[in-house]
$ cat protein.cif   # mmCIF, C-alpha atoms
data_query
#
loop_
_atom_site.group_PDB
_atom_site.id
_atom_site.type_symbol
_atom_site.label_atom_id
_atom_site.label_comp_id
_atom_site.auth_asym_id
_atom_site.auth_seq_id
_atom_site.Cartn_x
_atom_site.Cartn_y
_atom_site.Cartn_z
ATOM 1 C CA MET V 1 -44.752 -19.687 -5.613
ATOM 2 C CA LYS V 2 -44.356 -20.031 -1.843
ATOM 3 C CA LYS V 3 -41.405 -22.393 -2.336
ATOM 4 C CA ILE V 4 -39.735 -19.932 -4.698
ATOM 5 C CA LEU V 5 -40.098 -17.081 -2.208
ATOM 6 C CA THR V 6 -38.736 -19.269 0.593
ATOM 7 C CA PHE V 7 -35.742 -20.202 -1.557
ATOM 8 C CA LEU V 8 -35.035 -16.562 -2.428
ATOM 9 C CA ILE V 9 -35.242 -15.464 1.217
ATOM 10 C CA LEU V 10 -32.959 -18.307 2.277
ATOM 11 C CA SER V 11 -30.491 -17.458 -0.491
ATOM 12 C CA LEU V 12 -30.423 -13.806 0.517
ATOM 13 C CA SER V 13 -29.886 -14.756 4.147
ATOM 14 C CA ILE V 14 -26.969 -17.024 3.264
ATOM 15 C CA PHE V 15 -25.514 -14.318 1.038
ATOM 16 C CA GLY V 16 -25.825 -11.824 3.892
ATOM 17 C CA LEU V 17 -23.927 -14.108 6.245
ATOM 18 C CA PHE V 18 -21.143 -14.754 3.799
ATOM 19 C CA GLY V 19 -21.072 -11.071 2.859
ATOM 20 C CA GLN V 20 -20.567 -10.153 6.487
ATOM 21 C CA ASP V 21 -17.739 -12.690 6.821
ATOM 22 C CA TYR V 22 -16.073 -11.309 3.721
ATOM 23 C CA SER V 23 -16.494 -7.721 4.927
ATOM 24 C CA SER V 24 -14.805 -8.673 8.196
ATOM 25 C CA LEU V 25 -11.912 -10.271 6.323
ATOM 26 C CA LEU V 26 -11.471 -7.155 4.194
ATOM 27 C CA LYS V 27 -11.396 -4.982 7.330
ATOM 28 C CA GLU V 28 -8.884 -7.388 8.894
ATOM 29 C CA ALA V 29 -6.631 -7.070 5.833
ATOM 30 C CA GLU V 30 -6.773 -3.301 6.215
ATOM 31 C CA ASP V 31 -6.037 -3.321 9.953
ATOM 32 C CA ASN V 32 -3.267 -5.920 9.825
ATOM 33 C CA THR V 33 -0.770 -3.547 8.237
ATOM 34 C CA ALA V 34 -1.787 -0.331 10.021
ATOM 35 C CA PHE V 35 -0.119 0.960 13.171
ATOM 36 C CA TYR V 36 -2.717 2.974 15.067
ATOM 37 C CA GLU V 37 -1.410 2.137 18.540
ATOM 38 C CA THR V 38 2.265 2.880 17.925
ATOM 39 C CA ASP V 39 4.831 4.737 15.864
ATOM 40 C CA PHE V 40 6.587 2.831 13.089
ATOM 41 C CA LYS V 41 10.089 3.151 11.703
ATOM 42 C CA GLY V 42 11.653 1.090 8.929
ATOM 43 C CA SER V 43 14.483 1.031 6.393
ATOM 44 C CA TYR V 44 13.300 0.869 2.792
ATOM 45 C CA SER V 45 15.134 -0.252 -0.314
ATOM 46 C CA ILE V 46 13.301 0.685 -3.523
ATOM 47 C CA VAL V 47 14.643 -0.903 -6.693
ATOM 48 C CA GLN V 48 13.312 0.456 -9.987
ATOM 49 C CA ASP V 49 13.794 -1.861 -12.977
ATOM 50 C CA LYS V 50 13.229 -0.470 -16.464
ATOM 51 C CA PRO V 51 13.634 -3.106 -19.199
ATOM 52 C CA GLY V 52 16.706 -2.427 -21.263
ATOM 53 C CA GLU V 53 17.828 0.441 -19.007
ATOM 54 C CA GLY V 54 18.977 -1.331 -15.857
ATOM 55 C CA LYS V 55 18.110 -0.751 -12.217
ATOM 56 C CA ASN V 56 18.108 2.263 -9.942
ATOM 57 C CA ILE V 57 18.195 1.838 -6.165
ATOM 58 C CA THR V 58 16.814 4.321 -3.647
ATOM 59 C CA GLU V 59 17.414 3.897 0.072
ATOM 60 C CA ALA V 60 15.150 5.592 2.601
ATOM 61 C CA ILE V 61 14.001 5.681 6.194
ATOM 62 C CA MET V 62 10.303 5.949 6.913
ATOM 63 C CA TYR V 63 8.464 7.085 10.025
ATOM 64 C CA ARG V 64 4.707 6.561 10.390
ATOM 65 C CA ARG V 65 2.178 7.655 12.983
ATOM 66 C CA ASP V 66 -1.045 6.274 11.579
ATOM 67 C CA LYS V 67 -3.228 7.520 14.432
ATOM 68 C CA THR V 68 -2.674 11.099 13.307
ATOM 69 C CA GLU V 69 -2.154 10.272 9.598
ATOM 70 C CA GLN V 70 1.412 11.562 9.612
ATOM 71 C CA TRP V 71 4.456 10.091 7.901
ATOM 72 C CA VAL V 72 7.940 11.065 6.830
ATOM 73 C CA ILE V 73 10.235 9.514 4.242
ATOM 74 C CA LEU V 74 13.868 10.605 4.321
ATOM 75 C CA ILE V 75 15.991 9.650 1.297
ATOM 76 C CA THR V 76 19.419 8.393 2.383
ATOM 77 C CA GLY V 77 20.831 7.189 -0.940
ATOM 78 C CA PRO V 78 22.127 7.373 -3.595
ATOM 79 C CA ALA V 79 24.343 10.365 -2.854
ATOM 80 C CA LYS V 80 22.714 12.608 -5.475
ATOM 81 C CA GLU V 81 19.276 12.061 -3.908
ATOM 82 C CA LYS V 82 20.355 12.135 -0.256
ATOM 83 C CA GLY V 83 18.526 14.701 1.844
ATOM 84 C CA LYS V 84 15.342 14.757 -0.193
ATOM 85 C CA GLY V 85 12.241 13.882 1.733
ATOM 86 C CA TYR V 86 8.467 13.614 1.968
ATOM 87 C CA LEU V 87 6.118 14.713 4.731
ATOM 88 C CA GLN V 88 2.435 14.037 5.192
ATOM 89 C CA THR V 89 0.731 16.121 7.862
ATOM 90 C CA ASP V 90 -2.623 17.910 8.242
ATOM 91 C CA GLY V 91 -3.944 16.147 5.153
ATOM 92 C CA ASN V 92 -1.189 17.491 2.877
ATOM 93 C CA ILE V 93 1.892 15.858 1.362
ATOM 94 C CA PHE V 94 5.038 17.938 0.831
ATOM 95 C CA PHE V 95 8.220 17.081 -1.049
ATOM 96 C CA TYR V 96 11.461 18.696 0.125
ATOM 97 C CA ASP V 97 14.442 19.210 -2.170
ATOM 98 C CA PRO V 98 17.590 20.488 -0.436
ATOM 99 C CA ALA V 99 19.001 21.716 -3.755
ATOM 100 C CA ASP V 100 16.715 24.742 -3.620
ATOM 101 C CA ALA V 101 15.710 24.373 0.051
ATOM 102 C CA ALA V 102 12.045 24.389 -0.929
ATOM 103 C CA PHE V 103 8.900 22.436 -0.140
ATOM 104 C CA THR V 104 6.438 21.672 -2.933
ATOM 105 C CA PHE V 105 2.995 20.096 -2.768
ATOM 106 C CA THR V 106 2.622 16.564 -4.039
ATOM 107 C CA SER V 107 -0.237 14.072 -3.733
ATOM 108 C CA ALA V 108 -0.901 10.494 -2.689
ATOM 109 C CA LYS V 109 -1.424 9.592 -6.354
ATOM 110 C CA ASP V 110 1.951 10.927 -7.511
ATOM 111 C CA LYS V 111 4.831 8.578 -8.243
ATOM 112 C CA PHE V 112 7.477 8.175 -5.580
ATOM 113 C CA GLN V 113 10.899 9.193 -6.939
ATOM 114 C CA SER V 114 9.787 8.403 -10.519
ATOM 115 C CA THR V 115 9.263 4.719 -9.685
ATOM 116 C CA ASN V 116 6.167 2.585 -10.247
ATOM 117 C CA ALA V 117 5.159 3.105 -6.613
ATOM 118 C CA ASN V 118 2.719 5.821 -5.602
ATOM 119 C CA ASN V 119 3.195 7.892 -2.463
ATOM 120 C CA SER V 120 0.070 6.192 -1.097
ATOM 121 C CA ASP V 121 1.743 2.764 -1.266
ATOM 122 C CA PHE V 122 3.770 3.735 1.806
ATOM 123 C CA ALA V 123 0.703 4.651 3.895
ATOM 124 C CA PRO V 124 -2.181 2.637 5.381
ATOM 125 C CA GLN V 125 -4.665 1.225 2.891
ATOM 126 C CA HIS V 126 -8.382 1.882 3.455
ATOM 127 C CA TYR V 127 -10.155 -0.862 1.535
ATOM 128 C CA SER V 128 -13.288 -1.071 3.661
ATOM 129 C CA ARG V 129 -13.598 2.699 4.134
ATOM 130 C CA ASP V 130 -13.066 3.827 0.536
ATOM 131 C CA TYR V 131 -14.400 0.864 -1.456
ATOM 132 C CA GLU V 132 -17.490 -1.307 -1.628
ATOM 133 C CA ILE V 133 -17.404 -5.024 -2.361
ATOM 134 C CA GLN V 134 -18.744 -5.789 -5.830
ATOM 135 C CA GLU V 135 -17.879 -9.479 -5.727
ATOM 136 C CA ALA V 136 -16.161 -11.915 -3.374
ATOM 137 C CA THR V 137 -15.167 -15.431 -4.389
ATOM 138 C CA GLU V 138 -12.822 -18.036 -2.984
ATOM 139 C CA GLY V 139 -9.794 -19.373 -4.834
ATOM 140 C CA LYS V 140 -6.131 -20.324 -4.649
ATOM 141 C CA LEU V 141 -3.083 -18.135 -5.103
ATOM 142 C CA GLY V 142 -0.108 -20.459 -5.018
ATOM 143 C CA LYS V 143 -0.248 -22.199 -1.639
ATOM 144 C CA TYR V 144 -2.720 -19.707 -0.175
ATOM 145 C CA ASN V 145 -6.470 -20.172 0.157
ATOM 146 C CA CYS V 146 -7.800 -16.707 -0.596
ATOM 147 C CA VAL V 147 -10.918 -14.637 -0.855
ATOM 148 C CA ILE V 148 -10.717 -12.652 -4.084
ATOM 149 C CA PHE V 149 -12.403 -9.274 -3.779
ATOM 150 C CA LYS V 150 -13.539 -7.032 -6.595
ATOM 151 C CA LEU V 151 -13.879 -3.526 -5.181
ATOM 152 C CA LYS V 152 -15.306 -0.294 -6.539
ATOM 153 C CA ALA V 153 -14.432 3.095 -5.075
ATOM 154 C CA LYS V 154 -17.021 4.960 -3.014
ATOM 155 C CA VAL V 155 -15.000 8.190 -3.097
ATOM 156 C CA ASN V 156 -13.021 9.991 -5.789
ATOM 157 C CA THR V 157 -9.919 10.575 -3.674
ATOM 158 C CA VAL V 158 -8.490 7.083 -4.214
ATOM 159 C CA ASP V 159 -5.669 6.306 -6.628
ATOM 160 C CA TYR V 160 -7.655 3.739 -8.597
ATOM 161 C CA PRO V 161 -11.437 3.433 -9.031
ATOM 162 C CA MET V 162 -11.439 -0.368 -9.121
ATOM 163 C CA LEU V 163 -9.347 -2.986 -7.332
ATOM 164 C CA LYS V 164 -9.039 -6.741 -7.281
ATOM 165 C CA ILE V 165 -7.279 -8.127 -4.221
ATOM 166 C CA TRP V 166 -6.398 -11.590 -2.975
ATOM 167 C CA VAL V 167 -6.606 -11.927 0.843
ATOM 168 C CA SER V 168 -5.360 -15.144 2.464
ATOM 169 C CA LYS V 169 -8.097 -16.587 4.655
ATOM 170 C CA ASP V 170 -5.928 -17.965 7.460
ATOM 171 C CA ASP V 171 -4.185 -14.694 8.368
ATOM 172 C CA GLY V 172 -6.093 -11.893 6.635
ATOM 173 C CA LEU V 173 -3.138 -10.593 4.633
ATOM 174 C CA VAL V 174 -3.184 -9.131 1.124
ATOM 175 C CA ARG V 175 -1.097 -11.333 -1.161
ATOM 176 C CA LYS V 176 -1.869 -9.738 -4.525
ATOM 177 C CA LYS V 177 -3.556 -6.568 -5.741
ATOM 178 C CA GLU V 178 -4.561 -5.397 -9.190
ATOM 179 C CA ASP V 179 -5.412 -1.756 -9.905
ATOM 180 C CA TYR V 180 -7.911 -0.975 -12.660
ATOM 181 C CA SER V 181 -9.250 2.041 -14.493
ATOM 182 C CA LEU V 182 -12.985 2.706 -14.505
ATOM 183 C CA SER V 183 -13.149 1.132 -17.969
ATOM 184 C CA GLY V 184 -11.639 -2.080 -16.605
ATOM 185 C CA GLN V 185 -8.095 -1.732 -17.948
ATOM 186 C CA LEU V 186 -5.420 -3.319 -15.779
ATOM 187 C CA LEU V 187 -2.981 -0.597 -14.712
ATOM 188 C CA ARG V 188 -0.750 -2.110 -12.018
ATOM 189 C CA THR V 189 -0.159 -5.422 -10.289
ATOM 190 C CA THR V 190 1.283 -5.680 -6.779
ATOM 191 C CA LEU V 191 2.587 -8.929 -5.312
ATOM 192 C CA ILE V 192 3.380 -9.381 -1.614
ATOM 193 C CA PRO V 193 4.854 -12.886 -1.336
ATOM 194 C CA SER V 194 6.042 -12.687 2.271
ATOM 195 C CA TYR V 195 5.501 -10.805 5.509
ATOM 196 C CA GLN V 196 7.573 -10.355 8.642
ATOM 197 C CA ILE V 197 5.829 -10.544 12.003
ATOM 198 C CA LYS V 198 6.948 -8.027 14.615
ATOM 199 C CA SER V 199 5.585 -8.097 18.166
ATOM 200 C CA THR V 200 4.938 -5.367 20.707
ATOM 201 C CA ALA V 201 3.521 -5.630 24.211
ATOM 202 C CA ASN V 202 0.024 -5.127 22.800
ATOM 203 C CA ARG V 203 -0.102 -7.139 19.575
ATOM 204 C CA ASP V 204 1.651 -8.623 16.574
ATOM 205 C CA TYR V 205 2.090 -6.588 13.398
ATOM 206 C CA SER V 206 2.481 -7.859 9.841
ATOM 207 C CA ILE V 207 4.886 -5.887 7.668
ATOM 208 C CA PRO V 208 5.650 -6.815 4.061
ATOM 209 C CA LEU V 209 9.145 -8.176 3.675
ATOM 210 C CA ASN V 210 9.071 -7.476 -0.061
ATOM 211 C CA MET V 211 6.556 -5.918 -2.422
ATOM 212 C CA LEU V 212 6.761 -6.114 -6.212
ATOM 213 C CA ILE V 213 4.828 -3.481 -8.160
ATOM 214 C CA VAL V 214 4.456 -4.084 -11.909
ATOM 215 C CA ASP V 215 3.299 -1.263 -14.174
ATOM 216 C CA ASN V 216 1.089 -2.960 -16.764
ATOM 217 C CA LEU V 217 1.094 0.114 -19.009
ATOM 218 C CA LYS V 218 4.847 0.670 -19.259
ATOM 219 C CA GLY V 219 6.736 -2.033 -21.059
ATOM 220 C CA LYS V 220 9.260 -2.757 -23.750
ATOM 221 C CA LYS V 221 9.460 -5.642 -26.165
ATOM 222 C CA ILE V 222 12.689 -7.522 -25.604
ATOM 223 C CA GLY V 223 13.037 -10.555 -27.812
ATOM 224 C CA ASP V 224 9.581 -12.061 -28.218
ATOM 225 C CA LYS V 225 8.188 -10.892 -24.895
ATOM 226 C CA ILE V 226 6.885 -7.661 -23.395
ATOM 227 C CA GLN V 227 8.745 -6.861 -20.199
ATOM 228 C CA TYR V 228 7.071 -4.352 -17.910
ATOM 229 C CA GLU V 229 8.623 -1.774 -15.633
ATOM 230 C CA LYS V 230 8.615 -2.912 -12.037
ATOM 231 C CA THR V 231 9.607 -1.680 -8.612
ATOM 232 C CA GLN V 232 10.567 -3.880 -5.679
ATOM 233 C CA ILE V 233 10.241 -2.466 -2.180
ATOM 234 C CA SER V 234 12.034 -4.234 0.682
ATOM 235 C CA ILE V 235 11.487 -3.299 4.332
ATOM 236 C CA ALA V 236 13.974 -4.021 7.137
ATOM 237 C CA ASN V 237 15.049 -2.805 10.593
ATOM 238 C CA VAL V 238 11.462 -2.371 11.761
ATOM 239 C CA ASP V 239 11.056 -0.543 15.067
ATOM 240 C CA PHE V 240 7.942 0.456 17.017
ATOM 241 C CA GLU V 241 9.548 2.789 19.535
ATOM 242 C CA LYS V 242 7.853 6.157 19.935
ATOM 243 C CA VAL V 243 9.642 8.975 18.136
ATOM 244 C CA LYS V 244 9.607 12.683 18.885
ATOM 245 C CA ASP V 245 6.718 14.749 17.565
ATOM 246 C CA SER V 246 9.274 16.999 15.883
ATOM 247 C CA VAL V 247 10.102 14.223 13.399
ATOM 248 C CA TYR V 248 6.777 14.811 11.636
ATOM 249 C CA THR V 249 7.595 18.405 10.719
ATOM 250 C CA LYS V 250 9.213 20.462 7.974
ATOM 251 C CA PRO V 251 12.103 21.618 10.205
ATOM 252 C CA TYR V 252 13.070 17.980 10.743
ATOM 253 C CA LEU V 253 13.448 17.380 7.005
ATOM 254 C CA GLU V 254 15.429 20.602 6.644
ATOM 255 C CA MET V 255 17.735 19.622 9.494
ATOM 256 C CA MET V 256 18.294 16.066 8.241
ATOM 257 C CA SER V 257 19.076 17.250 4.715
ATOM 258 C CA GLN V 258 22.155 19.034 6.053
ATOM 259 C CA ARG V 259 23.742 15.904 7.503
#

$ encode --input "protein.cif" --output "structure tokens"
Amino acid sequence: MKKILTFLILSLSIFGLFGQDYSSLLKEAEDNTAFYETDFKGSYSIVQDKPGEGKNITEAIMYRRDKTEQWVILITGPAKEKGKGYLQTDGNIFFYDPADAAFTFTSAKDKFQSTNANNSDFAPQHYSRDYEIQEATEGKLGKYNCVIFKLKAKVNTVDYPMLKIWVSKDDGLVRKKEDYSLSGQLLRTTLIPSYQIKSTANRDYSIPLNMLIVDNLKGKKIGDKIQYEKTQISIANVDFEKVKDSVYTKPYLEMMSQR
């Protein structure tokens, strides 16, 4: 009996150590793509691909100030969408349409421009804050040695109640993410095959070069295979220069829509 108790205590201690290491890696994955010490600006190309219907391309410029949880997305193309924009400030997200010169409320869970991306996909991810680790195992994803996390939401404000994410061990970057319903149904799959490293005086930042979001609920049978709707997001022209406070306001979107 004494040996059994000793074994159980030792096992729990080892689990605690590994659990702490895994928790640190999850927090690193969260912090690696957040910009709390600086403003962020980038050019976004969002390509929506609906099987059998072709592709639609949206071009946009994004500004982020993660320290104050503010961001702006200004649509620059195509011509019929130019001038539309999104603003997050004071905990609210607004969509601006210059056609009627009006702001309407939207949410982090809503789809961005009718693509497979959510508005929240453009903002910092809070894995360690909003989720608890249900399981953590090690495995391979292509050439990457990863820790594979199964996460369950601690709050009801998240987009998805359950996640499965692959974090590469050597650099703490998310390489794949699966979003699940509470019943365990796979809803979306996100792949991030490559990152670009941008340096400031204080640190290096990792920004996805491309992200592919696959909607596992929306598909069409073409030939003998089901092809799912997908959205590819490409990020370029990254800049960490401070921008004016006025950028993160409604008047800025109104002004830019007139250009």

$ closest_residue --input "protein.cif" --among "V:Lys150, V:Gln185, V:Ser114, V:Asp204" --to "Ile133 (chain V)" --atoms "all atoms listed in the file"
V:Lys150

$ residues_around --input "protein.cif" --residues "Tyr195 (chain V)" --least-positions-apart "2" --cutoff "12 Å" --atoms "all atoms listed in the file" --output "list of chain:residue names"
V:Asn32, V:Thr33, V:Asp171, V:Gly172, V:Leu173, V:Val174, V:Arg175, V:Leu191, V:Ile192, V:Pro193, V:Ile197, V:Lys198, V:Asp204, V:Tyr205, V:Ser206, V:Ile207, V:Pro208, V:Leu209, V:Asn210, V:Met211, V:Ser234, V:Ile235, V:Ala236

$ closest_residue --input "protein.cif" --among "V:Ser23, V:Gln196, V:Thr115, V:Asn145" --to "Glu229 (chain V)" --atoms "all atoms listed in the file"
V:Thr115

$ atom_distance --input "protein.cif" --atom1 "CA of Ala60 (chain V)" --atom2 "CA of Lys84 (chain V)"
9.6 Å

$ residues_around --input "protein.cif" --residues "Asp39 (chain V)" --least-positions-apart "6" --cutoff "9 Å" --atoms "only C-alpha atoms" --output "VMD selection string"
chain V and resid 63 to 67 239 to 243

$ closest_residue --input "protein.cif" --among "V:Gln125, V:Thr89, V:Thr190, V:Ser24" --to "Val72 (chain V)" --atoms "only C-alpha atoms"
V:Thr89

$ atom_distance --input "protein.cif" --atom1 "CA of Ala34 (chain V)" --atom2 "CA of Tyr144 (chain V)"
21.9 Å

$ build_atoms --input "protein.cif" --residues "region 230-255 of chain V" --atoms "N, CA, C and O atoms" --output "PDB file, keeping the file's coordinate frame"
ATOM      1  N   LYS V 230       9.030  -2.432 -13.356  1.00  0.00           N
ATOM      2  CA  LYS V 230       8.615  -2.912 -12.037  1.00  0.00           C
ATOM      3  C   LYS V 230       9.490  -2.293 -10.953  1.00  0.00           C
ATOM      4  O   LYS V 230      10.619  -1.881 -11.206  1.00  0.00           O
ATOM      5  N   THR V 231       8.924  -2.239  -9.775  1.00  0.00           N
ATOM      6  CA  THR V 231       9.607  -1.680  -8.612  1.00  0.00           C
ATOM      7  C   THR V 231       9.475  -2.644  -7.454  1.00  0.00           C
ATOM      8  O   THR V 231       8.356  -3.051  -7.115  1.00  0.00           O
ATOM      9  N   GLN V 232      10.595  -3.024  -6.866  1.00  0.00           N
ATOM     10  CA  GLN V 232      10.567  -3.880  -5.679  1.00  0.00           C
ATOM     11  C   GLN V 232      10.898  -3.049  -4.454  1.00  0.00           C
ATOM     12  O   GLN V 232      11.894  -2.335  -4.428  1.00  0.00           O
ATOM     13  N   ILE V 233      10.054  -3.171  -3.444  1.00  0.00           N
ATOM     14  CA  ILE V 233      10.241  -2.466  -2.180  1.00  0.00           C
ATOM     15  C   ILE V 233      10.534  -3.492  -1.098  1.00  0.00           C
ATOM     16  O   ILE V 233       9.742  -4.417  -0.881  1.00  0.00           O
ATOM     17  N   SER V 234      11.658  -3.345  -0.422  1.00  0.00           N
ATOM     18  CA  SER V 234      12.034  -4.234   0.682  1.00  0.00           C
ATOM     19  C   SER V 234      12.077  -3.418   1.966  1.00  0.00           C
ATOM     20  O   SER V 234      12.577  -2.287   1.980  1.00  0.00           O
ATOM     21  N   ILE V 235      11.574  -4.004   3.049  1.00  0.00           N
ATOM     22  CA  ILE V 235      11.487  -3.299   4.332  1.00  0.00           C
ATOM     23  C   ILE V 235      12.274  -4.083   5.380  1.00  0.00           C
ATOM     24  O   ILE V 235      12.104  -5.295   5.529  1.00  0.00           O
ATOM     25  N   ALA V 236      13.139  -3.387   6.109  1.00  0.00           N
ATOM     26  CA  ALA V 236      13.974  -4.021   7.137  1.00  0.00           C
ATOM     27  C   ALA V 236      14.108  -3.080   8.329  1.00  0.00           C
ATOM     28  O   ALA V 236      13.638  -1.936   8.301  1.00  0.00           O
ATOM     29  N   ASN V 237      14.760  -3.594   9.391  1.00  0.00           N
ATOM     30  CA  ASN V 237      15.049  -2.805  10.593  1.00  0.00           C
ATOM     31  C   ASN V 237      13.798  -2.136  11.166  1.00  0.00           C
ATOM     32  O   ASN V 237      13.803  -0.947  11.527  1.00  0.00           O
ATOM     33  N   VAL V 238      12.730  -2.903  11.264  1.00  0.00           N
ATOM     34  CA  VAL V 238      11.462  -2.371  11.761  1.00  0.00           C
ATOM     35  C   VAL V 238      11.549  -2.103  13.259  1.00  0.00           C
ATOM     36  O   VAL V 238      12.076  -2.902  14.028  1.00  0.00           O
ATOM     37  N   ASP V 239      11.015  -0.954  13.664  1.00  0.00           N
ATOM     38  CA  ASP V 239      11.056  -0.543  15.067  1.00  0.00           C
ATOM     39  C   ASP V 239       9.735   0.141  15.406  1.00  0.00           C
ATOM     40  O   ASP V 239       9.207   0.923  14.606  1.00  0.00           O
ATOM     41  N   PHE V 240       9.199  -0.148  16.588  1.00  0.00           N
ATOM     42  CA  PHE V 240       7.942   0.456  17.017  1.00  0.00           C
ATOM     43  C   PHE V 240       8.117   1.385  18.216  1.00  0.00           C
ATOM     44  O   PHE V 240       7.147   1.704  18.904  1.00  0.00           O
ATOM     45  N   GLU V 241       9.324   1.842  18.449  1.00  0.00           N
ATOM     46  CA  GLU V 241       9.548   2.789  19.535  1.00  0.00           C
ATOM     47  C   GLU V 241       8.952   4.150  19.174  1.00  0.00           C
ATOM     48  O   GLU V 241       8.991   4.577  18.023  1.00  0.00           O
ATOM     49  N   LYS V 242       8.415   4.830  20.161  1.00  0.00           N
ATOM     50  CA  LYS V 242       7.853   6.157  19.935  1.00  0.00           C
ATOM     51  C   LYS V 242       8.960   7.125  19.548  1.00  0.00           C
ATOM     52  O   LYS V 242      10.049   7.100  20.112  1.00  0.00           O
ATOM     53  N   VAL V 243       8.688   7.962  18.568  1.00  0.00           N
ATOM     54  CA  VAL V 243       9.642   8.975  18.136  1.00  0.00           C
ATOM     55  C   VAL V 243       9.113  10.357  18.520  1.00  0.00           C
ATOM     56  O   VAL V 243       7.932  10.530  18.823  1.00  0.00           O
ATOM     57  N   LYS V 244       9.987  11.326  18.501  1.00  0.00           N
ATOM     58  CA  LYS V 244       9.607  12.683  18.885  1.00  0.00           C
ATOM     59  C   LYS V 244       8.595  13.270  17.904  1.00  0.00           C
ATOM     60  O   LYS V 244       8.638  12.994  16.699  1.00  0.00           O
ATOM     61  N   ASP V 245       7.704  14.089  18.423  1.00  0.00           N
ATOM     62  CA  ASP V 245       6.718  14.749  17.565  1.00  0.00           C
ATOM     63  C   ASP V 245       7.392  15.597  16.499  1.00  0.00           C
ATOM     64  O   ASP V 245       6.856  15.772  15.395  1.00  0.00           O
ATOM     65  N   SER V 246       8.570  16.107  16.811  1.00  0.00           N
ATOM     66  CA  SER V 246       9.274  16.999  15.883  1.00  0.00           C
ATOM     67  C   SER V 246       9.702  16.302  14.601  1.00  0.00           C
ATOM     68  O   SER V 246      10.005  16.970  13.605  1.00  0.00           O
ATOM     69  N   VAL V 247       9.729  14.957  14.614  1.00  0.00           N
ATOM     70  CA  VAL V 247      10.102  14.223  13.399  1.00  0.00           C
ATOM     71  C   VAL V 247       9.096  14.488  12.288  1.00  0.00           C
ATOM     72  O   VAL V 247       9.463  14.587  11.113  1.00  0.00           O
ATOM     73  N   TYR V 248       7.827  14.642  12.640  1.00  0.00           N
ATOM     74  CA  TYR V 248       6.777  14.811  11.636  1.00  0.00           C
ATOM     75  C   TYR V 248       6.575  16.292  11.306  1.00  0.00           C
ATOM     76  O   TYR V 248       5.445  16.804  11.305  1.00  0.00           O
ATOM     77  N   THR V 249       7.661  16.968  11.001  1.00  0.00           N
ATOM     78  CA  THR V 249       7.595  18.405  10.719  1.00  0.00           C
ATOM     79  C   THR V 249       8.553  18.781   9.595  1.00  0.00           C
ATOM     80  O   THR V 249       9.507  18.057   9.292  1.00  0.00           O
ATOM     81  N   LYS V 250       8.322  19.942   9.006  1.00  0.00           N
ATOM     82  CA  LYS V 250       9.213  20.462   7.974  1.00  0.00           C
ATOM     83  C   LYS V 250      10.617  20.758   8.508  1.00  0.00           C
ATOM     84  O   LYS V 250      11.612  20.435   7.827  1.00  0.00           O
ATOM     85  N   PRO V 251      10.737  21.363   9.695  1.00  0.00           N
ATOM     86  CA  PRO V 251      12.103  21.618  10.205  1.00  0.00           C
ATOM     87  C   PRO V 251      12.944  20.362  10.353  1.00  0.00           C
ATOM     88  O   PRO V 251      14.170  20.422  10.188  1.00  0.00           O
ATOM     89  N   TYR V 252      12.295  19.226  10.629  1.00  0.00           N
ATOM     90  CA  TYR V 252      13.070  17.980  10.743  1.00  0.00           C
ATOM     91  C   TYR V 252      13.693  17.616   9.399  1.00  0.00           C
ATOM     92  O   TYR V 252      14.878  17.264   9.329  1.00  0.00           O
ATOM     93  N   LEU V 253      12.908  17.693   8.328  1.00  0.00           N
ATOM     94  CA  LEU V 253      13.448  17.380   7.005  1.00  0.00           C
ATOM     95  C   LEU V 253      14.576  18.346   6.635  1.00  0.00           C
ATOM     96  O   LEU V 253      15.592  17.943   6.071  1.00  0.00           O
ATOM     97  N   GLU V 254      14.384  19.610   6.948  1.00  0.00           N
ATOM     98  CA  GLU V 254      15.429  20.602   6.644  1.00  0.00           C
ATOM     99  C   GLU V 254      16.706  20.293   7.408  1.00  0.00           C
ATOM    100  O   GLU V 254      17.809  20.365   6.856  1.00  0.00           O
ATOM    101  N   MET V 255      16.565  19.930   8.671  1.00  0.00           N
ATOM    102  CA  MET V 255      17.735  19.622   9.494  1.00  0.00           C
ATOM    103  C   MET V 255      18.460  18.376   8.994  1.00  0.00           C
ATOM    104  O   MET V 255      19.684  18.360   8.851  1.00  0.00           O
TER     105      MET V 255
END
